[in-house]
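The structure appears below as structure tokens.
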Amino acid sequence: MALSKTEEQLMEIIWHLDGAFMKDIMEQFSEPVPSNSTVLTLLKRMQDKGYVGFETLGNSRKYFALVPKEEHFGKQVNGLIKDFFNGSPLQFASFFTKSSNLSEEQLLELKKIIDDELKKKQS
């Protein structure tokens, strides 16, 4: 199940803190800071979606990510490729390299990444 934009922002905080109590989470918000009850509602929804878990320590809950950031990001990118590029990673890569104004240095780094992946496939 997908995260809303607000849930995504809260998830970024949880990934960044690598496990946090409510006080720690609230300190990460910039103005306007949401209410505690709003954040608790978001955390509950994110638990229901399988993104966040918690452990009880005394009277407090320590929240932590159940889904690694890389896994979530991969699902998002794959959804983008499916929805906008007919499921073709090649079309996505072509669009990305042509439209993102990469420098020569960045293109060479991208080429190195591709070359390294090719070597892995050939092994």
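If you're wondering about the labels, chains in the structure tokens are A, B, ... by order shown, residues count from 1 in each chain, ligands from 1 in order shown.
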
Just list the residues in stretch 13-118 of chain A DSSP gives helix (DSSP H, G or I) on the backbone, as a VMD selection string.
chain A and resid 13 to 17 22 to 28 36 to 48 69 to 84 89 to 99 104 to 118

DSSP on the backbone, strand (DSSP E) only: what residues of stretch 22-91 of chain A does that give? Format it as a ChimeraX atom specification.
/A:52-57,60-65

Would you output that residue set with all heavy atoms, as a short mmCIF file (atom, residue, chain, number, x, y, z; two decimals), in the first residue's frame?
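Done, and the output landed in part-v6.cif:
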```cif
data_model
loop_
_atom_site.label_atom_id
_atom_site.label_comp_id
_atom_site.auth_asym_id
_atom_site.auth_seq_id
_atom_site.Cartn_x
_atom_site.Cartn_y
_atom_site.Cartn_z
N VAL A 52 5.81 0.74 9.56
CA VAL A 52 6.36 1.13 10.86
C VAL A 52 5.97 0.12 11.93
O VAL A 52 4.84 -0.38 11.92
CB VAL A 52 5.85 2.54 11.26
CG1 VAL A 52 6.27 2.91 12.67
CG2 VAL A 52 6.35 3.59 10.29
N GLY A 53 6.90 -0.15 12.80
CA GLY A 53 6.63 -0.97 13.98
C GLY A 53 7.06 -0.19 15.21
O GLY A 53 7.58 0.93 15.10
N PHE A 54 6.82 -0.75 16.36
CA PHE A 54 7.26 -0.08 17.59
C PHE A 54 7.54 -1.12 18.65
O PHE A 54 7.07 -2.25 18.59
CB PHE A 54 6.23 0.94 18.09
CG PHE A 54 4.94 0.32 18.57
CD1 PHE A 54 4.79 -0.10 19.88
CD2 PHE A 54 3.88 0.18 17.69
CE1 PHE A 54 3.60 -0.67 20.32
CE2 PHE A 54 2.68 -0.39 18.12
CZ PHE A 54 2.54 -0.81 19.43
N GLU A 55 8.35 -0.70 19.62
CA GLU A 55 8.56 -1.50 20.82
C GLU A 55 8.22 -0.61 22.00
O GLU A 55 8.48 0.60 21.98
CB GLU A 55 9.99 -2.04 20.90
CG GLU A 55 11.07 -0.99 20.97
CD GLU A 55 12.46 -1.59 21.07
OE1 GLU A 55 12.66 -2.56 21.82
OE2 GLU A 55 13.36 -1.08 20.38
N THR A 56 7.62 -1.21 23.01
CA THR A 56 7.24 -0.45 24.19
C THR A 56 8.37 -0.52 25.21
O THR A 56 8.83 -1.61 25.56
CB THR A 56 5.94 -1.03 24.80
OG1 THR A 56 4.92 -1.02 23.80
CG2 THR A 56 5.47 -0.20 25.99
N LEU A 57 8.80 0.64 25.65
CA LEU A 57 9.84 0.75 26.66
C LEU A 57 9.28 1.62 27.79
O LEU A 57 9.15 2.84 27.63
CB LEU A 57 11.11 1.39 26.07
CG LEU A 57 11.74 0.62 24.91
CD1 LEU A 57 12.80 1.46 24.22
CD2 LEU A 57 12.33 -0.68 25.40
N SER A 60 6.63 4.46 27.05
CA SER A 60 6.88 5.07 25.75
C SER A 60 6.99 4.02 24.67
O SER A 60 7.30 2.85 24.93
CB SER A 60 8.17 5.88 25.79
OG SER A 60 8.09 6.90 26.74
N ARG A 61 6.77 4.47 23.45
CA ARG A 61 6.95 3.61 22.28
C ARG A 61 8.13 4.13 21.46
O ARG A 61 8.23 5.32 21.21
CB ARG A 61 5.70 3.63 21.40
CG ARG A 61 4.54 2.90 21.99
CD ARG A 61 3.38 2.93 21.02
NE ARG A 61 2.29 2.10 21.52
CZ ARG A 61 1.16 1.91 20.88
NH1 ARG A 61 0.95 2.49 19.71
NH2 ARG A 61 0.22 1.15 21.39
N LYS A 62 8.97 3.20 21.06
CA LYS A 62 10.06 3.55 20.14
C LYS A 62 9.66 3.02 18.77
O LYS A 62 9.48 1.81 18.59
CB LYS A 62 11.38 2.93 20.60
CG LYS A 62 12.54 3.34 19.74
CD LYS A 62 13.85 2.84 20.28
CE LYS A 62 15.00 3.38 19.44
NZ LYS A 62 16.29 2.91 19.96
N TYR A 63 9.50 3.93 17.83
CA TYR A 63 9.06 3.59 16.47
C TYR A 63 10.27 3.31 15.59
O TYR A 63 11.32 3.95 15.73
CB TYR A 63 8.23 4.73 15.89
CG TYR A 63 6.94 4.94 16.64
CD1 TYR A 63 6.86 5.85 17.69
CD2 TYR A 63 5.81 4.20 16.32
CE1 TYR A 63 5.68 6.03 18.39
CE2 TYR A 63 4.62 4.37 17.03
CZ TYR A 63 4.57 5.29 18.06
OH TYR A 63 3.40 5.45 18.76
N PHE A 64 10.11 2.34 14.69
CA PHE A 64 11.19 2.00 13.78
C PHE A 64 10.61 1.56 12.44
O PHE A 64 9.45 1.15 12.35
CB PHE A 64 12.09 0.89 14.36
CG PHE A 64 11.33 -0.34 14.79
CD1 PHE A 64 11.06 -1.37 13.90
CD2 PHE A 64 10.87 -0.45 16.10
CE1 PHE A 64 10.36 -2.49 14.31
CE2 PHE A 64 10.15 -1.57 16.51
CZ PHE A 64 9.89 -2.59 15.61
N ALA A 65 11.42 1.67 11.41
CA ALA A 65 11.00 1.31 10.06
C ALA A 65 10.99 -0.20 9.90
O ALA A 65 11.92 -0.89 10.33
CB ALA A 65 11.94 1.94 9.04
#
```

Calculate how many Å separate atom CA of A:Leu42 from atom CA of A:Met11, rounding to one decimal.
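So the answer is 9.8 Å.
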
Could you list, as a PyMOL selection string, every residue within 12 Å of stretch 26-40 of chain A, counting only C-alpha atoms and ignoring same-chain residues fewer than 6 positions away?
chain A and resi 6-7+9-17+20+46-47+52+54+61+63

How many Å lie between atom CA of A:Tyr51 and atom CA of A:Leu66, rounded to one decimal?
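We find that atom CA of A:Tyr51 and atom CA of A:Leu66 lie 5.0 Å from each other.
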
Quick one: everything within 10 Å of stretch 94-103 of chain A, counting only C-alpha atoms, minus sequence neighbours fewer than 6 positions away in the same chain. Send it as JSON, numbers by chain.
{"A": [85, 109, 110]}

Just the selected residues (all heavy atoms), exported as a PDB file, in the first residue's frame, please.
```pdb
ATOM      1  N   PHE A  85       6.551   4.750 -18.413  1.00  0.00           N
ATOM      2  CA  PHE A  85       7.477   4.301 -19.448  1.00  0.00           C
ATOM      3  C   PHE A  85       7.139   2.903 -19.955  1.00  0.00           C
ATOM      4  O   PHE A  85       8.024   2.149 -20.357  1.00  0.00           O
ATOM      5  CB  PHE A  85       8.923   4.363 -18.915  1.00  0.00           C
ATOM      6  CG  PHE A  85       9.355   5.753 -18.560  1.00  0.00           C
ATOM      7  CD1 PHE A  85       9.269   6.208 -17.251  1.00  0.00           C
ATOM      8  CD2 PHE A  85       9.808   6.628 -19.534  1.00  0.00           C
ATOM      9  CE1 PHE A  85       9.648   7.498 -16.912  1.00  0.00           C
ATOM     10  CE2 PHE A  85      10.185   7.931 -19.200  1.00  0.00           C
ATOM     11  CZ  PHE A  85      10.097   8.358 -17.892  1.00  0.00           C
ATOM     12  N   GLU A 109      30.418   8.581 -14.765  1.00  0.00           N
ATOM     13  CA  GLU A 109      30.134   7.799 -13.557  1.00  0.00           C
ATOM     14  C   GLU A 109      28.977   6.836 -13.816  1.00  0.00           C
ATOM     15  O   GLU A 109      29.022   5.670 -13.410  1.00  0.00           O
ATOM     16  CB  GLU A 109      29.822   8.726 -12.380  1.00  0.00           C
ATOM     17  CG  GLU A 109      29.548   8.000 -11.088  1.00  0.00           C
ATOM     18  CD  GLU A 109      30.720   7.184 -10.556  1.00  0.00           C
ATOM     19  OE1 GLU A 109      31.889   7.504 -10.862  1.00  0.00           O
ATOM     20  OE2 GLU A 109      30.461   6.199  -9.828  1.00  0.00           O
ATOM     21  N   LEU A 110      27.954   7.298 -14.510  1.00  0.00           N
ATOM     22  CA  LEU A 110      26.825   6.437 -14.864  1.00  0.00           C
ATOM     23  C   LEU A 110      27.290   5.296 -15.770  1.00  0.00           C
ATOM     24  O   LEU A 110      26.886   4.139 -15.589  1.00  0.00           O
ATOM     25  CB  LEU A 110      25.726   7.260 -15.548  1.00  0.00           C
ATOM     26  CG  LEU A 110      24.440   6.564 -15.906  1.00  0.00           C
ATOM     27  CD1 LEU A 110      23.786   5.932 -14.683  1.00  0.00           C
ATOM     28  CD2 LEU A 110      23.471   7.541 -16.562  1.00  0.00           C
TER      29      LEU A 110
END
```

Quick one, how far is atom CA of A:Lys49 from atom CA of A:Met1?
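If I compute the distance from atom CA of A:Lys49 to atom CA of A:Met1, I get 6.0 Å.
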